[in-house]
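my_file.cif (mmCIF, C-alpha atoms) appears below.
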data_final
#
loop_
_atom_site.label_atom_id
_atom_site.label_comp_id
_atom_site.auth_asym_id
_atom_site.auth_seq_id
_atom_site.Cartn_x
_atom_site.Cartn_y
_atom_site.Cartn_z
CA MET O 1 5.27 25.14 -9.48
CA ASP O 2 2.73 22.69 -8.12
CA THR O 3 0.48 23.71 -5.24
CA TYR O 4 1.91 21.12 -2.86
CA ALA O 5 5.36 22.70 -3.10
CA VAL O 6 3.90 26.17 -2.58
CA TYR O 7 1.91 25.10 0.49
CA THR O 8 4.79 23.21 2.11
CA SER O 9 7.18 26.10 1.45
CA GLU O 10 4.84 28.59 3.10
CA MET O 11 4.24 26.19 5.97
CA ALA O 12 8.00 25.80 6.53
CA ALA O 13 8.42 29.59 6.59
CA THR O 14 5.68 29.91 9.20
CA GLU O 15 7.22 27.14 11.30
CA ARG O 16 10.59 28.96 11.22
CA LEU O 17 8.88 32.18 12.30
CA ILE O 18 7.11 30.41 15.17
CA LYS O 19 10.36 28.80 16.30
CA ASN O 20 12.71 31.76 15.96
CA ALA O 21 10.75 34.97 16.55
CA SER O 22 9.62 36.68 19.73
CA TYR O 23 5.97 37.63 20.02
CA SER O 24 3.02 37.90 22.37
CA GLY O 25 0.70 35.07 23.35
CA ALA O 26 -2.02 36.47 21.09
CA THR O 27 0.37 36.53 18.14
CA ALA O 28 1.46 32.97 18.96
CA ARG O 29 -2.16 31.80 18.74
CA THR O 30 -2.61 33.65 15.45
CA LEU O 31 0.58 32.16 13.99
CA THR O 32 -0.36 28.63 15.01
CA GLY O 33 -3.77 29.23 13.42
CA VAL O 34 -2.05 30.24 10.19
CA LEU O 35 0.13 27.13 10.43
CA ALA O 36 -3.00 24.98 10.89
CA GLU O 37 -4.55 26.46 7.74
CA GLN O 38 -1.35 25.98 5.76
CA ALA O 39 -1.05 22.37 6.93
CA GLN O 40 -4.67 21.75 5.90
CA MET O 41 -3.94 23.06 2.41
CA ALA O 42 -0.70 21.07 2.16
CA GLY O 43 -2.63 18.00 3.29
CA TRP O 44 -5.31 18.55 0.69
CA ALA O 45 -2.74 19.05 -2.10
CA ALA O 46 -0.96 15.86 -1.01
CA PHE O 47 -4.24 13.96 -0.82
CA ASP O 48 -5.27 15.20 -4.25
CA ALA O 49 -1.94 13.99 -5.66
CA GLY O 50 -2.35 10.55 -4.07
CA ARG O 51 0.35 11.17 -1.47
CA LEU O 52 -1.67 9.72 1.39
CA ALA O 53 1.13 9.40 3.95
CA ASP O 54 2.03 13.05 3.41
CA SER O 55 -1.60 14.14 3.61
CA ARG O 56 -2.08 12.29 6.91
CA ARG O 57 1.07 13.88 8.34
CA HIS O 58 -0.07 17.37 7.34
CA TYR O 59 -3.60 16.81 8.65
CA ARG O 60 -2.21 15.70 12.03
CA LYS O 61 0.02 18.78 12.10
CA ALA O 62 -3.02 20.93 11.25
CA LEU O 63 -5.02 19.42 14.09
CA LEU O 64 -2.24 19.96 16.64
CA ALA O 65 -1.69 23.55 15.51
CA ALA O 66 -5.43 24.25 15.52
CA ARG O 67 -5.71 22.98 19.08
CA GLU O 68 -2.72 25.07 20.12
CA SER O 69 -4.26 28.15 18.51
CA GLY O 70 -7.43 27.70 20.54
CA ASP O 71 -9.63 28.08 17.47
CA PRO O 72 -12.46 25.52 17.61
CA GLY O 73 -13.42 26.21 13.98
CA LEU O 74 -9.92 25.35 12.78
CA GLU O 75 -9.89 22.26 14.98
CA GLY O 76 -13.23 21.12 13.57
CA ASN O 77 -12.07 21.75 10.02
CA SER O 78 -8.90 19.73 10.67
CA LEU O 79 -10.99 16.84 11.96
CA ALA O 80 -13.19 17.08 8.86
CA PHE O 81 -10.15 16.82 6.58
CA ILE O 82 -8.95 13.76 8.52
CA ALA O 83 -12.40 12.16 8.32
CA TYR O 84 -12.73 12.86 4.59
CA GLU O 85 -9.32 11.36 3.87
CA LYS O 86 -10.12 8.30 5.96
CA ALA O 87 -13.53 7.78 4.36
CA ASP O 88 -12.16 8.20 0.85
CA SER O 89 -9.25 5.83 1.49
CA THR O 90 -11.58 3.22 2.98
CA THR O 91 -14.00 3.52 0.07
CA ALA O 92 -11.17 3.18 -2.45
CA ALA O 93 -9.79 0.11 -0.68
CA GLU O 94 -13.23 -1.51 -0.53
CA TRP O 95 -13.81 -0.80 -4.22
CA THR O 96 -10.43 -2.34 -5.08
CA ARG O 97 -11.18 -5.47 -3.01
CA SER O 98 -14.61 -5.87 -4.60
CA ARG O 99 -13.09 -5.68 -8.08
CA SER O 100 -10.43 -8.27 -7.31
CA THR O 101 -13.02 -10.79 -6.08
CA SER O 102 -15.38 -10.29 -9.04
#
Entire entry expressed as structure tokens:
Amino acid sequence: MDTYAVYTSEMAATERLIKNASYSGATARTLTGVLAEQAQMAGWAAFDAGRLADSRRHYRKALLAARESGDPGLEGNSLAFIAYEKADSTTAAEWTRSRSTS
């Protein structure tokens, strides 16, 4: 099984738990932190496989969950993933344009 499928499966299970279970506010923050980490990993696996639309979607989900969890480290890490993906995509597009004009 590829890592993307594993990460998205675990993320879906966590989302179901968040939606359907009863828990305290502290547990809610912990669960959304777990969801943020899972979305980051799903985003990275998608990015690594060239699935840029999926990676962007997962990175946005990670950022929202990180903010909801109240964990500034997770939020910063989510922003770093978004920035890395953006920089890499921009660099790749610029390289492609430069090769087509050469």
Once the PyMOL selection byres ((chain O and resi 30-46) around 6) has been applied to the shown file, what residues remain in the selection, as a PDB file with C-alpha atoms, in the coordinates of the input?
ATOM      1  CA  TYR O   4       1.910  21.120  -2.860  1.00  0.00           C
ATOM      2  CA  TYR O   7       1.910  25.100   0.490  1.00  0.00           C
ATOM      3  CA  THR O   8       4.790  23.210   2.110  1.00  0.00           C
ATOM      4  CA  MET O  11       4.240  26.190   5.970  1.00  0.00           C
ATOM      5  CA  THR O  27       0.370  36.530  18.140  1.00  0.00           C
ATOM      6  CA  ALA O  28       1.460  32.970  18.960  1.00  0.00           C
ATOM      7  CA  ARG O  29      -2.160  31.800  18.740  1.00  0.00           C
ATOM      8  CA  PHE O  47      -4.240  13.960  -0.820  1.00  0.00           C
ATOM      9  CA  ASP O  48      -5.270  15.200  -4.250  1.00  0.00           C
ATOM     10  CA  ALA O  49      -1.940  13.990  -5.660  1.00  0.00           C
ATOM     11  CA  ARG O  51       0.350  11.170  -1.470  1.00  0.00           C
ATOM     12  CA  SER O  55      -1.600  14.140   3.610  1.00  0.00           C
ATOM     13  CA  HIS O  58      -0.070  17.370   7.340  1.00  0.00           C
ATOM     14  CA  TYR O  59      -3.600  16.810   8.650  1.00  0.00           C
ATOM     15  CA  ALA O  62      -3.020  20.930  11.250  1.00  0.00           C
ATOM     16  CA  ALA O  65      -1.690  23.550  15.510  1.00  0.00           C
ATOM     17  CA  ALA O  66      -5.430  24.250  15.520  1.00  0.00           C
ATOM     18  CA  SER O  69      -4.260  28.150  18.510  1.00  0.00           C
TER      19      SER O  69
END
Using all atoms of segment 55-73 of chain O listed in the file and a margin of 4 Å per side, can you give the axis-aligned box centre and edge lengths in Å to one decimal, as lines of an AutoDock Vina configuration file?
center_x = -6.2
center_y = 20.2
center_z = 12.1
size_x = 22.5
size_y = 23.9
size_z = 24.9
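Taking atom CA of Lys19 of chain O and atom CA of Arg57 of chain O as the two end points, the separation is 19.3 Å.
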Check your understanding: Which residue gives the smallest distance to Leu52 of chain O among O:Glu15, O:Glu10, O:Asp88, O:Asp2, with only C-alpha atoms counted?
Key -> O:Asp88
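If only C-alpha atoms are the atoms counted, then among O:Gly25, O:Ala80, O:Lys86, O:Gly50 the closest residue to Glu68 of chain O is O:Gly25.
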Return segment 27-50 of chain O, completed with N, CA and C atoms, as a compact mmCIF listing (two decimals), in the frame of the given file.
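So result-v7.txt came out as:
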# COMPACT_ATOMS: atom_id res chain seq x y z
N THR O 27 -0.26 36.74 19.44
CA THR O 27 0.37 36.53 18.14
C THR O 27 0.72 35.06 17.96
N ALA O 28 1.15 34.41 19.03
CA ALA O 28 1.46 32.97 18.96
C ALA O 28 0.23 32.18 18.54
N ARG O 29 -0.92 32.50 19.12
CA ARG O 29 -2.16 31.80 18.74
C ARG O 29 -2.51 32.08 17.29
N THR O 30 -2.32 33.31 16.85
CA THR O 30 -2.61 33.65 15.45
C THR O 30 -1.67 32.90 14.51
N LEU O 31 -0.39 32.87 14.84
CA LEU O 31 0.58 32.16 13.99
C LEU O 31 0.29 30.66 13.92
N THR O 32 -0.06 30.06 15.05
CA THR O 32 -0.36 28.63 15.01
C THR O 32 -1.66 28.39 14.24
N GLY O 33 -2.57 29.35 14.25
CA GLY O 33 -3.77 29.23 13.42
C GLY O 33 -3.42 29.28 11.94
N VAL O 34 -2.51 30.17 11.58
CA VAL O 34 -2.05 30.24 10.19
C VAL O 34 -1.38 28.93 9.81
N LEU O 35 -0.54 28.41 10.71
CA LEU O 35 0.13 27.13 10.43
C LEU O 35 -0.90 26.02 10.24
N ALA O 36 -1.95 26.00 11.04
CA ALA O 36 -3.00 24.98 10.89
C ALA O 36 -3.64 25.08 9.51
N GLU O 37 -3.95 26.29 9.06
CA GLU O 37 -4.55 26.46 7.74
C GLU O 37 -3.60 26.03 6.64
N GLN O 38 -2.33 26.39 6.77
CA GLN O 38 -1.35 25.98 5.76
C GLN O 38 -1.19 24.47 5.72
N ALA O 39 -1.18 23.83 6.89
CA ALA O 39 -1.05 22.37 6.93
C ALA O 39 -2.29 21.70 6.33
N GLN O 40 -3.45 22.29 6.53
CA GLN O 40 -4.67 21.75 5.90
C GLN O 40 -4.54 21.80 4.38
N MET O 41 -4.07 22.92 3.87
CA MET O 41 -3.94 23.06 2.41
C MET O 41 -2.86 22.14 1.86
N ALA O 42 -1.75 22.01 2.58
CA ALA O 42 -0.70 21.07 2.16
C ALA O 42 -1.24 19.65 2.18
N GLY O 43 -2.02 19.33 3.21
CA GLY O 43 -2.63 18.00 3.29
C GLY O 43 -3.57 17.73 2.14
N TRP O 44 -4.37 18.73 1.79
CA TRP O 44 -5.31 18.55 0.69
C TRP O 44 -4.57 18.37 -0.64
N ALA O 45 -3.52 19.17 -0.86
CA ALA O 45 -2.74 19.05 -2.10
C ALA O 45 -2.08 17.67 -2.17
N ALA O 46 -1.57 17.19 -1.04
CA ALA O 46 -0.96 15.86 -1.01
C ALA O 46 -2.01 14.79 -1.27
N PHE O 47 -3.15 14.92 -0.63
CA PHE O 47 -4.24 13.96 -0.82
C PHE O 47 -4.68 13.93 -2.28
N ASP O 48 -4.83 15.09 -2.86
CA ASP O 48 -5.27 15.20 -4.25
C ASP O 48 -4.27 14.57 -5.22
N ALA O 49 -2.99 14.58 -4.82
CA ALA O 49 -1.94 13.99 -5.66
C ALA O 49 -1.71 12.52 -5.34
N GLY O 50 -2.50 11.96 -4.43
CA GLY O 50 -2.35 10.55 -4.07
C GLY O 50 -1.23 10.28 -3.08
